[in-house]
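Peer 1: Handing you a structure now.
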Amino acid sequence: MDMKFSLDLPRETLSIPVIRRVLGDTLRGLGVSEACIADLLVAASEACTNVVQHVDSASHYEVIASIAGDHCVLKVADTGHGFRGDAEKNVGLDSESGRGIKIMRALVDDVTFDSRPDTGTVVYLQKRLSWQEESPMRLLEPQLLKTAG
């Protein structure tokens, strides 16, 4: 099953709980494990916080969530001025800035950035999903296999 949704959000702190709620409720409804949901929500929060705190030239940003099979890809896109790719280097654990990228990398399987001065930054967060035992997705698998043959 493939699913995709997007939210166009104002660049305000109050937008972060909105994406956490929508994404969390969607993943729970599909039967994704709570540990996996927690990782994705923290990583998404970090990416959105970076937009809210560091992008001065845009009033909105977009979050696109794509769920295909057992993978989730989150795309957080802004139209700011971009950033340097070495933003996370030499960041201490007690540093106020730069920890978000390290946190995102620790929680998801892949983090990539497409940052250009003329178009802004897109952060891609990819994670393989783990499922609860009674998830609708697990229950559908045997039925899909029967109808596929």
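Residues are named by chain letter and number: chains run A, B, ... in the order of the structure tokens, numbers start at 1 in each chain, and ligands are numbered from 1 in the order shown.
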Applying 9 Å and only C-alpha atoms, which residues near Gly100 in chain A remain after dropping the ones on its own chain fewer than 4 positions away? List them as a PyMOL selection string.
Peer 2: chain A and resi 43+46-47+49-50+88+104-105
Peer 1: Can you tell me which residues surround Ile64 in chain A at a distance of at most 9 Å, considering only C-alpha atoms, apart from same-chain residues fewer than 4 positions away, and format the answer as number ranges by chain?
Peer 2: A: 4-8, 73-77
Peer 1: Residues of range 22-145 of chain A classed as helix (DSSP H, G or I) by DSSP on the backbone are to be reported as a PyMOL selection string.
Peer 2: chain A and resi 22-30+34-54+99-107+136-145
Peer 1: Write to file, as a CSV table (one decimal), in the first residue's frame, the residues of the selection just made, with N, CA and C atoms.
Peer 2:
```csv
chain,number,residue,atom,x,y,z
A,22,VAL,N,-0.3,14.9,13.0
A,22,VAL,CA,-0.8,14.3,11.8
A,22,VAL,C,0.0,13.1,11.4
A,23,LEU,N,1.4,13.2,11.5
A,23,LEU,CA,2.2,12.1,11.1
A,23,LEU,C,2.1,11.0,12.1
A,24,GLY,N,2.1,11.3,13.4
A,24,GLY,CA,2.0,10.3,14.4
A,24,GLY,C,0.6,9.5,14.3
A,25,ASP,N,-0.5,10.2,14.1
A,25,ASP,CA,-1.8,9.6,14.0
A,25,ASP,C,-1.8,8.7,12.8
A,26,THR,N,-1.3,9.2,11.7
A,26,THR,CA,-1.3,8.4,10.4
A,26,THR,C,-0.5,7.1,10.6
A,27,LEU,N,0.7,7.2,11.2
A,27,LEU,CA,1.6,6.0,11.4
A,27,LEU,C,0.9,5.0,12.3
A,28,ARG,N,0.3,5.5,13.4
A,28,ARG,CA,-0.4,4.7,14.4
A,28,ARG,C,-1.6,4.0,13.7
A,29,GLY,N,-2.3,4.7,12.9
A,29,GLY,CA,-3.4,4.1,12.2
A,29,GLY,C,-3.0,3.0,11.2
A,30,LEU,N,-1.8,3.0,10.7
A,30,LEU,CA,-1.3,2.0,9.9
A,30,LEU,C,-0.7,0.8,10.7
A,34,GLU,N,5.4,1.8,18.0
A,34,GLU,CA,5.6,3.1,18.7
A,34,GLU,C,7.1,3.6,18.7
A,35,ALA,N,8.0,2.7,18.8
A,35,ALA,CA,9.4,3.1,18.8
A,35,ALA,C,9.8,3.7,17.5
A,36,CYS,N,9.3,3.1,16.4
A,36,CYS,CA,9.6,3.7,15.0
A,36,CYS,C,8.9,5.0,14.9
A,37,ILE,N,7.7,5.1,15.4
A,37,ILE,CA,6.9,6.4,15.3
A,37,ILE,C,7.7,7.5,16.1
A,38,ALA,N,8.2,7.1,17.3
A,38,ALA,CA,8.9,8.1,18.1
A,38,ALA,C,10.2,8.6,17.4
A,39,ASP,N,10.9,7.7,16.7
A,39,ASP,CA,12.1,8.1,16.0
A,39,ASP,C,11.7,9.1,14.9
A,40,LEU,N,10.7,8.8,14.1
A,40,LEU,CA,10.3,9.6,13.0
A,40,LEU,C,9.8,11.0,13.5
A,41,LEU,N,9.1,11.0,14.6
A,41,LEU,CA,8.5,12.3,15.1
A,41,LEU,C,9.6,13.2,15.6
A,42,VAL,N,10.6,12.6,16.2
A,42,VAL,CA,11.8,13.5,16.7
A,42,VAL,C,12.6,14.0,15.5
A,43,ALA,N,12.8,13.1,14.6
A,43,ALA,CA,13.6,13.5,13.4
A,43,ALA,C,12.8,14.6,12.6
A,44,ALA,N,11.5,14.4,12.4
A,44,ALA,CA,10.7,15.4,11.7
A,44,ALA,C,10.7,16.7,12.5
A,45,SER,N,10.6,16.6,13.8
A,45,SER,CA,10.6,17.9,14.6
A,45,SER,C,11.9,18.6,14.5
A,46,GLU,N,13.0,17.9,14.4
A,46,GLU,CA,14.3,18.6,14.3
A,46,GLU,C,14.4,19.3,12.9
A,47,ALA,N,13.9,18.6,11.9
A,47,ALA,CA,14.0,19.2,10.5
A,47,ALA,C,13.1,20.4,10.5
A,48,CYS,N,11.9,20.3,11.0
A,48,CYS,CA,11.0,21.5,11.1
A,48,CYS,C,11.5,22.6,11.9
A,49,THR,N,12.1,22.3,13.1
A,49,THR,CA,12.7,23.3,13.9
A,49,THR,C,13.8,24.1,13.2
A,50,ASN,N,14.6,23.4,12.4
A,50,ASN,CA,15.6,24.1,11.7
A,50,ASN,C,15.0,25.1,10.7
A,51,VAL,N,13.9,24.8,10.1
A,51,VAL,CA,13.2,25.7,9.2
A,51,VAL,C,12.7,26.9,10.0
A,52,VAL,N,12.0,26.6,11.1
A,52,VAL,CA,11.4,27.7,11.9
A,52,VAL,C,12.5,28.6,12.4
A,53,GLN,N,13.6,28.1,12.9
A,53,GLN,CA,14.6,28.9,13.5
A,53,GLN,C,15.6,29.6,12.6
A,54,HIS,N,15.9,28.9,11.4
A,54,HIS,CA,17.0,29.4,10.6
A,54,HIS,C,16.6,30.0,9.2
A,99,ARG,N,23.1,20.4,16.6
A,99,ARG,CA,22.8,19.1,17.1
A,99,ARG,C,21.7,18.4,16.4
A,100,GLY,N,20.7,19.2,15.8
A,100,GLY,CA,19.6,18.6,15.1
A,100,GLY,C,19.9,17.6,14.0
A,101,ILE,N,21.0,17.9,13.2
A,101,ILE,CA,21.4,17.1,12.1
A,101,ILE,C,21.9,15.8,12.7
A,102,LYS,N,22.7,15.8,13.7
A,102,LYS,CA,23.2,14.6,14.3
A,102,LYS,C,22.1,13.8,14.9
A,103,ILE,N,21.1,14.4,15.5
A,103,ILE,CA,20.0,13.7,16.1
A,103,ILE,C,19.2,13.0,15.0
A,104,MET,N,18.9,13.7,13.9
A,104,MET,CA,18.2,13.1,12.7
A,104,MET,C,19.0,11.9,12.2
A,105,ARG,N,20.3,12.0,12.0
A,105,ARG,CA,21.1,10.9,11.5
A,105,ARG,C,21.0,9.7,12.4
A,106,ALA,N,20.9,9.9,13.7
A,106,ALA,CA,20.9,8.8,14.7
A,106,ALA,C,19.5,8.1,14.7
A,107,LEU,N,18.5,8.8,14.3
A,107,LEU,CA,17.1,8.2,14.4
A,107,LEU,C,16.5,7.6,13.2
A,136,PRO,N,-2.7,-3.3,10.9
A,136,PRO,CA,-3.5,-3.6,9.6
A,136,PRO,C,-2.6,-4.0,8.5
A,137,MET,N,-1.4,-3.4,8.4
A,137,MET,CA,-0.5,-3.8,7.3
A,137,MET,C,-0.1,-5.2,7.4
A,138,ARG,N,0.2,-5.7,8.5
A,138,ARG,CA,0.6,-7.1,8.7
A,138,ARG,C,-0.6,-8.1,8.4
A,139,LEU,N,-1.7,-7.6,8.8
A,139,LEU,CA,-2.9,-8.5,8.6
A,139,LEU,C,-3.3,-8.5,7.1
A,140,LEU,N,-3.0,-7.5,6.3
A,140,LEU,CA,-3.3,-7.4,4.9
A,140,LEU,C,-2.3,-8.3,4.1
A,141,GLU,N,-1.1,-8.4,4.5
A,141,GLU,CA,0.0,-9.2,3.8
A,141,GLU,C,-0.5,-10.5,3.3
A,142,PRO,N,-1.0,-11.4,4.2
A,142,PRO,CA,-1.4,-12.7,3.7
A,142,PRO,C,-2.5,-12.7,2.6
A,143,GLN,N,-3.5,-11.7,2.8
A,143,GLN,CA,-4.6,-11.6,1.9
A,143,GLN,C,-4.0,-11.1,0.5
A,144,LEU,N,-3.1,-10.2,0.5
A,144,LEU,CA,-2.5,-9.7,-0.7
A,144,LEU,C,-1.8,-10.8,-1.4
A,145,LEU,N,-1.1,-11.6,-0.7
A,145,LEU,CA,-0.3,-12.7,-1.3
A,145,LEU,C,-1.3,-13.7,-2.0
```
Peer 1: Compare A:Ile19, A:Ser135, A:Ala65, A:Arg11 by their minimum atom-to-atom distance to Asp78 in chain A, counting only C-alpha atoms, and give me the closest one.
Peer 2: A:Arg11
Peer 1: Going by DSSP on the backbone, which bits of range 26-140 of chain A are strand (DSSP E)? Write them as a PyMOL selection string, please.
Peer 2: chain A and resi 60-68+71-77+110-116+120-128
Peer 1: Near Gly120 in chain A, within 9 Å and counting only C-alpha atoms, which residues show up once chain neighbours fewer than 4 positions away are dropped, as a list in words?
Peer 2: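 Within the cut-off, the hits are Val55, Ala77, Asp78, Thr79, Gly80, His81, Gly82, Phe83, Asp114, Ser115 and Arg116 of chain A.
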Peer 1: For the atom pair CA of Asp70 in chain A and CA of Ser130 in chain A, what is the interatomic distance in Å to one decimal place?
Peer 2: 7.3 Å
Peer 1: To one decimal place, how far is CA of Gly31 in chain A from CA of Ile67 in chain A in Å?
Peer 2: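 Those two atoms sit 12.4 Å apart.
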Peer 1: Please compute the CA of His71 in chain A-CA of Ser15 in chain A distance, one decimal, in Å.
Peer 2: 24.4 Å
